[in-house]
Structure formats: structure tokens, C-alpha cells
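**Student:** Okay, handing you the structure first.
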Amino acid sequence: MGDTTFDSELFDDSCEEENEFDRALQEADQVSIENEASSWTQVPIESIPGLSYYPNRLPPDLQNQIANALPDSLFSDMNSGRQLHLYVPFPEPMQSLNKYLPSEFLSNVWKDQPAEASIIQVYNPGDGIIPHKDLDMFADGVAIYSFFSDITMVFTLPSQKLKCDVRLQKGSLVIMYGPARYQWLHEIPFRGGDWVPLSSRDELTPPKQTWIPRTQRFSITMRRIVGNHTFG
Ligand SMILES: O=C(O)CCC(=O)C(=O)O
């Protein structure tokens, strides 16, 4: 993909009006998160059946090879919500993503079959994806790899007002199947940054949080298609 270092040369962020706008946006994001959080119970990832998170899953070399194989136009920072849908056979560097899926997931959920469909999604700061369950045309088992930067994905169970924030780090993999795929919703809130807990010194002290502004991120979601699905 193209060199993203030129961004800072093109956009002079010393402009006071722009800074004020950014500050207002950030404050609005932070207030709305605080309001939302108050009425939901935050649960740990381990309490959601079928949800697993694997940090540092992809070697940095493979992350770069995959990013370099994708069209530059995907990574424009002037557009939001850019997507690319791919079906097998995937381009060469992406084929190896199957190798980094956990073997128990491959054997128990995908019955030793590789991914058939993938979607590449680019998120500029402020972008997100609404709360949803994946379409029924996709079989059980969804695997999402993260690239370039970290972002917070939120899992919710509205009937019980439960929520779980999962920080998806660059190079990580998140897997959902069973209840995590069919009962829980997942989303990426549309905002410019995320509150991230800092590790606390002991179990009694509640963790402090820090606001981390987002930078461009992309994800690759890998799925299988249900056996009886007809296209058209
Ligand atoms: O980009 C992501 O990490 C989430 C993608 C997603 O939720 C989806 O493709 O259904």
C-alpha cells in the first residue's frame, strides 16, 4: 500500500480552528461513552462462550506483506468505510492467514476446512461498524485479524444489558462462534479514540483509563459460507 507518512506533510495540524474542532469531537466522544457505560454491566471476555482473543498472532512481516498486496485506493484517508470482498482463491499472502487460526477452532468449528470468504475493511479515525450479528449466509465461526493500529470492539447482549470491551491490537486475532457469533452483537463505535484501561498495581485498585486517539486501521474478517446458500 501507499506510504502513509506523507499525511502529516499534507495536513498542517497547527490550524487552531481544526484543533478546536478535534477537541470538541473528542469531548463529545468521551461524554457519550460515559453516559452509555453507566447502565450496562461490563463482563470479562472469558464469560462470553465462543469468544477468544489472541494478541500478537500474525508476524509483523506477514502483516506488511498483506498490506503491501492490497490496492492503495483502499487506504485513502479522505473516505470512510472502504471495503473489499474476496472469495477463494485469495491472493497469495492472504492464503497463509488460515495457518494462523487456532487448530481447535479449525477442527471443531470449521471441520478442517479453510476460509472461503473474506472482507477487508478500512477504518479511519471516527469510522466504526454498527452493532450486528453476521449474516446467516455465513456459517458458524468468524475470525478477524487486525492491522496497523489498535481499536476497541464492543460485544453486547442487549436483553441482559451486558457488554464487553475487547481491545483489538494490531496483529491480533479475535474468534467468535456459537453464542458469541449468534447471540451477542459486536460493533466498533464511531469515534475518534477509545478509553483504554491502564494495568492497575493491585487487584483492589480500580484500573485508571487513558484516552487513545485512533489512527488508520484495517481488518480482515474470514468466514465460511453455509452449505445450502445460493448466490443471486
Ligand atoms: O473490522 C472489524 O474488526 C469488524 C468487522 C465485522 O464486524 C464484520 O465484518 O462483520
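Labels for the C-alpha cells follow display order: chains A, B, ..., residues from 1 in each chain, ligands from 1.
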Which residues form the shell of 6 Å around ligand 1 when you count only C-alpha atoms and all ligand atoms, given as a VMD selection string?
**Tutor:** chain A and resid 121 134 144 219 221
**Student:** List the neighbours of segment 90-99 of chain A out to 7 Å using only C-alpha atoms; skip same-chain residues closer than 3 positions along the sequence, and give me the result as a list in words.
**Tutor:**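 Returned residues: Gln65, Ile66, Leu86, Tyr87, Pro114 and Ala115 of chain A.
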**Student:** Quick one: of A:Gly81, A:Gly141, A:Pro71, A:Pro158, who's nearest to Met176 of chain A, counting only C-alpha atoms?
**Tutor:** A:Gly141
**Student:** Among chain A, which ones does DSSP assign to helix (DSSP H, G or I) (computed from the backbone)? Answer as a PyMOL selection string.
**Tutor:** chain A and resi 4-10+16-37+45-47+60-69+72-75+92-100+103-108+158-160+179-182
**Student:** Would you compute the distance between atom CA of Phe75 of chain A and atom CA of Ala117 of chain A? Give it in Å to one decimal.
**Tutor:**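 Pair atom CA of Phe75 of chain A / atom CA of Ala117 of chain A returns 20.7 Å.
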**Student:** For Ala67 of chain A, which residue out of A:Arg201, A:Lys111, A:Arg181, A:Arg217 is the nearest one, using only C-alpha atoms?
**Tutor:** A:Arg217
**Student:** Given only C-alpha atoms as the basis, pick out the residue of A:Pro197, A:Asp136, A:Val166, A:Pro125 nearest to Pro44 of chain A.
**Tutor:** A:Val166
**Student:** When you look at Asp140 of chain A with a cut-off of 10 Å (counting only C-alpha atoms), what residues show up, excluding the ones that are within fewer than 3 positions of it in the same chain? I need them as a list in words.
**Tutor:**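 Using only C-alpha atoms, the neighbours found are Val109, Trp110, Asp134, Asp136, Met137, Met176, Tyr177, Gly178, Pro179, Ala180, Arg181, Tyr182, Arg223, Arg224, Ile225 and Val226 of chain A.
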